[in-house]
Amino acid sequence: MLARALRPLLLCLTLLALSGCASPTRGTRAKSPAPTGRLFGSATTTEANGLLVLSNGRTGGGDDDTKTWSATDDVELAVLWRGVGRSGPPPTIDFGRYIVLGSASDGSVCQISILGIDSEPSGRLSLRYDPDQLFQTCILVAVRVARVVAVPRRIVPGPVVYLWGYRFVLGKE
């Protein structure tokens, strides 16, 4: 009976040992570089191998703080996915083509659709939202919101990127 109860824990520890990492990189609060208008790359949600919006809406969890993560492999994505309060297994991602950034924070029940992303050489990332929804009227009800995006590596200018007021280190600096 005890062995059956410990089986999920042993599987998790085995996966962590094989992966060589215990958790995804947490983003740190940081001021983004000033916008320059110089584009390094861009991607939309409608193009092949473009931006993937994995979550953009209400989620579980009772934490009041904003938390952010980056993931560059399946184990990190599983931790990120649980961290933002999503249930079930995370989607399958081709980490040869994508990095994943996620946040969980306070928000409202109305989420503006994400249409794309732009990157600058400085590492500054900017999400593009549906302009028709920018000024929609929404009752502000404090809920927990998860935003998780898979960003094409082809538009990532280097090992450090900035999004949502956080700095993410994607590899060794």
# chains A, B, ... in the order shown; residues from 1 in each chain; ligands from 1
>>> residues_around(residues="segment 109-123 of chain A", least_positions_apart="2", cutoff="10 Å", atoms="only C-alpha atoms", output="JSON, numbers by chain")
{"A": [32, 33, 34, 35, 36, 37, 38, 39, 40, 41, 42, 43, 44, 45, 46, 47, 50, 51, 52, 53, 56, 57, 58, 107, 125, 126, 127, 128, 129, 130, 131, 132, 133, 134, 135, 136, 137, 138, 139, 140, 141, 142, 143, 144, 145, 147, 149, 151, 152, 155, 156, 157, 158, 159, 160, 161, 162, 163, 167, 168]}
>>> select_by_dssp(residues="segment 23-97 of chain A", states="strand (DSSP E or B)", output="VMD selection string")
chain A and resid 25 to 26 28 to 29 41 to 44 52 to 58 67 to 71
>>> closest_residue(among="A:Gly60, A:Gly102, A:Pro90, A:Gly96", to="Ala78 of chain A", atoms="only C-alpha atoms")
A:Pro90
>>> residues_around(residues="Ile99 of chain A", least_positions_apart="2", cutoff="8 Å", atoms="only C-alpha atoms", output="compact mmCIF listing (two decimals) with N, CA, C and O atoms, in the first residue's frame")
# COMPACT_ATOMS: atom_id res chain seq x y z
N SER A 70 10.33 30.49 -16.87
CA SER A 70 10.66 30.13 -18.25
C SER A 70 10.92 28.63 -18.26
O SER A 70 11.31 28.05 -17.25
N ALA A 71 10.67 28.00 -19.40
CA ALA A 71 10.90 26.56 -19.54
C ALA A 71 11.56 26.29 -20.88
O ALA A 71 11.16 26.85 -21.91
N THR A 72 12.59 25.42 -20.83
CA THR A 72 13.29 25.04 -22.05
C THR A 72 13.32 23.53 -22.24
O THR A 72 14.01 23.03 -23.11
N PHE A 95 10.86 21.90 -28.06
CA PHE A 95 11.80 22.83 -27.45
C PHE A 95 13.00 23.13 -28.35
O PHE A 95 13.78 24.02 -28.04
N ARG A 97 12.40 24.36 -31.19
CA ARG A 97 11.87 25.54 -31.88
C ARG A 97 11.34 26.62 -30.95
O ARG A 97 11.18 27.77 -31.37
N LEU A 101 7.39 30.93 -21.79
CA LEU A 101 7.36 31.91 -20.71
C LEU A 101 5.97 31.89 -20.11
O LEU A 101 4.97 31.83 -20.84
N ALA A 150 4.43 30.15 -25.87
CA ALA A 150 5.60 29.49 -26.45
C ALA A 150 6.13 30.42 -27.54
O ALA A 150 5.44 30.69 -28.53
N VAL A 151 7.32 30.93 -27.32
CA VAL A 151 7.93 31.91 -28.20
C VAL A 151 8.91 31.21 -29.15
O VAL A 151 9.78 30.47 -28.69
N PRO A 152 8.75 31.44 -30.45
CA PRO A 152 9.69 30.81 -31.39
C PRO A 152 11.13 31.25 -31.11
O PRO A 152 11.40 32.44 -30.96
N ARG A 153 12.04 30.29 -31.03
CA ARG A 153 13.45 30.61 -30.78
C ARG A 153 14.04 31.52 -31.85
O ARG A 153 14.95 32.29 -31.58
>>> residues_around(residues="Trp69 of chain A", least_positions_apart="3", cutoff="10 Å", atoms="only C-alpha atoms", output="PyMOL selection string")
chain A and resi 23-28+76-77+79-81+83-84+100-104+148+166-169
>>> write_last_selection(atoms="N, CA and C atoms", output="PDB file, in the first residue's frame")
ATOM      1  N   SER A  23      13.813  22.582 -11.463  1.00  0.00           N
ATOM      2  CA  SER A  23      12.670  23.459 -11.696  1.00  0.00           C
ATOM      3  C   SER A  23      13.006  24.445 -12.802  1.00  0.00           C
ATOM      4  N   PRO A  24      11.963  25.049 -13.366  1.00  0.00           N
ATOM      5  CA  PRO A  24      12.227  26.047 -14.405  1.00  0.00           C
ATOM      6  C   PRO A  24      12.834  27.298 -13.793  1.00  0.00           C
ATOM      7  N   THR A  25      13.451  28.097 -14.618  1.00  0.00           N
ATOM      8  CA  THR A  25      14.020  29.349 -14.175  1.00  0.00           C
ATOM      9  C   THR A  25      12.893  30.311 -13.839  1.00  0.00           C
ATOM     10  N   ARG A  26      12.981  30.920 -12.676  1.00  0.00           N
ATOM     11  CA  ARG A  26      12.002  31.917 -12.284  1.00  0.00           C
ATOM     12  C   ARG A  26      12.430  33.258 -12.858  1.00  0.00           C
ATOM     13  N   GLY A  27      11.476  34.003 -13.343  1.00  0.00           N
ATOM     14  CA  GLY A  27      11.771  35.354 -13.777  1.00  0.00           C
ATOM     15  C   GLY A  27      12.026  36.228 -12.561  1.00  0.00           C
ATOM     16  N   THR A  28      12.855  37.250 -12.715  1.00  0.00           N
ATOM     17  CA  THR A  28      13.114  38.190 -11.629  1.00  0.00           C
ATOM     18  C   THR A  28      12.613  39.562 -12.036  1.00  0.00           C
ATOM     19  N   GLU A  76      10.784  21.214 -17.001  1.00  0.00           N
ATOM     20  CA  GLU A  76      10.555  22.601 -16.603  1.00  0.00           C
ATOM     21  C   GLU A  76       9.137  23.044 -16.953  1.00  0.00           C
ATOM     22  N   LEU A  77       8.642  22.625 -18.112  1.00  0.00           N
ATOM     23  CA  LEU A  77       7.284  22.988 -18.512  1.00  0.00           C
ATOM     24  C   LEU A  77       6.248  22.399 -17.553  1.00  0.00           C
ATOM     25  N   VAL A  79       6.604  21.815 -14.380  1.00  0.00           N
ATOM     26  CA  VAL A  79       6.638  22.610 -13.156  1.00  0.00           C
ATOM     27  C   VAL A  79       5.985  23.970 -13.399  1.00  0.00           C
ATOM     28  N   LEU A  80       6.301  24.600 -14.521  1.00  0.00           N
ATOM     29  CA  LEU A  80       5.692  25.889 -14.878  1.00  0.00           C
ATOM     30  C   LEU A  80       4.174  25.751 -14.938  1.00  0.00           C
ATOM     31  N   TRP A  81       3.706  24.716 -15.603  1.00  0.00           N
ATOM     32  CA  TRP A  81       2.271  24.490 -15.826  1.00  0.00           C
ATOM     33  C   TRP A  81       1.527  24.392 -14.489  1.00  0.00           C
ATOM     34  N   GLY A  83       2.736  25.519 -11.660  1.00  0.00           N
ATOM     35  CA  GLY A  83       2.965  26.785 -10.971  1.00  0.00           C
ATOM     36  C   GLY A  83       1.958  27.857 -11.332  1.00  0.00           C
ATOM     37  N   VAL A  84       1.517  27.885 -12.580  1.00  0.00           N
ATOM     38  CA  VAL A  84       0.532  28.886 -12.990  1.00  0.00           C
ATOM     39  C   VAL A  84      -0.896  28.423 -12.679  1.00  0.00           C
ATOM     40  N   VAL A 100       9.338  28.602 -23.534  1.00  0.00           N
ATOM     41  CA  VAL A 100       8.030  28.913 -22.952  1.00  0.00           C
ATOM     42  C   VAL A 100       8.217  29.885 -21.801  1.00  0.00           C
ATOM     43  N   LEU A 101       7.389  30.932 -21.788  1.00  0.00           N
ATOM     44  CA  LEU A 101       7.364  31.906 -20.706  1.00  0.00           C
ATOM     45  C   LEU A 101       5.972  31.888 -20.105  1.00  0.00           C
ATOM     46  N   GLY A 102       5.889  31.942 -18.780  1.00  0.00           N
ATOM     47  CA  GLY A 102       4.597  31.905 -18.125  1.00  0.00           C
ATOM     48  C   GLY A 102       4.531  32.830 -16.934  1.00  0.00           C
ATOM     49  N   SER A 103       3.320  33.323 -16.648  1.00  0.00           N
ATOM     50  CA  SER A 103       3.104  34.137 -15.457  1.00  0.00           C
ATOM     51  C   SER A 103       1.754  33.801 -14.851  1.00  0.00           C
ATOM     52  N   ALA A 104       1.675  33.963 -13.548  1.00  0.00           N
ATOM     53  CA  ALA A 104       0.415  33.866 -12.818  1.00  0.00           C
ATOM     54  C   ALA A 104       0.323  35.123 -11.977  1.00  0.00           C
ATOM     55  N   VAL A 148       0.589  31.974 -20.548  1.00  0.00           N
ATOM     56  CA  VAL A 148       1.704  31.103 -20.917  1.00  0.00           C
ATOM     57  C   VAL A 148       1.825  31.138 -22.431  1.00  0.00           C
ATOM     58  N   TYR A 166       9.602  41.438 -16.110  1.00  0.00           N
ATOM     59  CA  TYR A 166      10.495  40.443 -15.519  1.00  0.00           C
ATOM     60  C   TYR A 166      11.620  40.111 -16.491  1.00  0.00           C
ATOM     61  N   ARG A 167      12.737  39.685 -15.920  1.00  0.00           N
ATOM     62  CA  ARG A 167      13.923  39.279 -16.674  1.00  0.00           C
ATOM     63  C   ARG A 167      14.021  37.753 -16.601  1.00  0.00           C
ATOM     64  N   PHE A 168      14.220  37.122 -17.746  1.00  0.00           N
ATOM     65  CA  PHE A 168      14.349  35.670 -17.826  1.00  0.00           C
ATOM     66  C   PHE A 168      15.717  35.310 -18.412  1.00  0.00           C
ATOM     67  N   VAL A 169      16.450  34.456 -17.717  1.00  0.00           N
ATOM     68  CA  VAL A 169      17.720  33.953 -18.234  1.00  0.00           C
ATOM     69  C   VAL A 169      17.431  32.576 -18.806  1.00  0.00           C
TER      70      VAL A 169
END
>>> select_by_dssp(residues="segment 24-152 of chain A", states="helix (DSSP H, G or I)", output="PyMOL selection string")
chain A and resi 74-83+131-133
>>> write_last_selection(atoms="C-alpha atoms", output="PDB file, in the first residue's frame")
ATOM      1  CA  ASP A  74       9.493  19.073 -20.671  1.00  0.00           C
ATOM      2  CA  VAL A  75      10.321  18.824 -16.966  1.00  0.00           C
ATOM      3  CA  GLU A  76      10.555  22.601 -16.603  1.00  0.00           C
ATOM      4  CA  LEU A  77       7.284  22.988 -18.512  1.00  0.00           C
ATOM      5  CA  ALA A  78       5.511  20.555 -16.175  1.00  0.00           C
ATOM      6  CA  VAL A  79       6.638  22.610 -13.156  1.00  0.00           C
ATOM      7  CA  LEU A  80       5.692  25.889 -14.878  1.00  0.00           C
ATOM      8  CA  TRP A  81       2.271  24.490 -15.826  1.00  0.00           C
ATOM      9  CA  ARG A  82       1.482  23.502 -12.228  1.00  0.00           C
ATOM     10  CA  GLY A  83       2.965  26.785 -10.971  1.00  0.00           C
ATOM     11  CA  PRO A 131      -6.828  46.160 -30.851  1.00  0.00           C
ATOM     12  CA  ASP A 132     -10.610  45.627 -31.086  1.00  0.00           C
ATOM     13  CA  GLN A 133     -10.601  44.357 -27.483  1.00  0.00           C
TER      14      GLN A 133
END
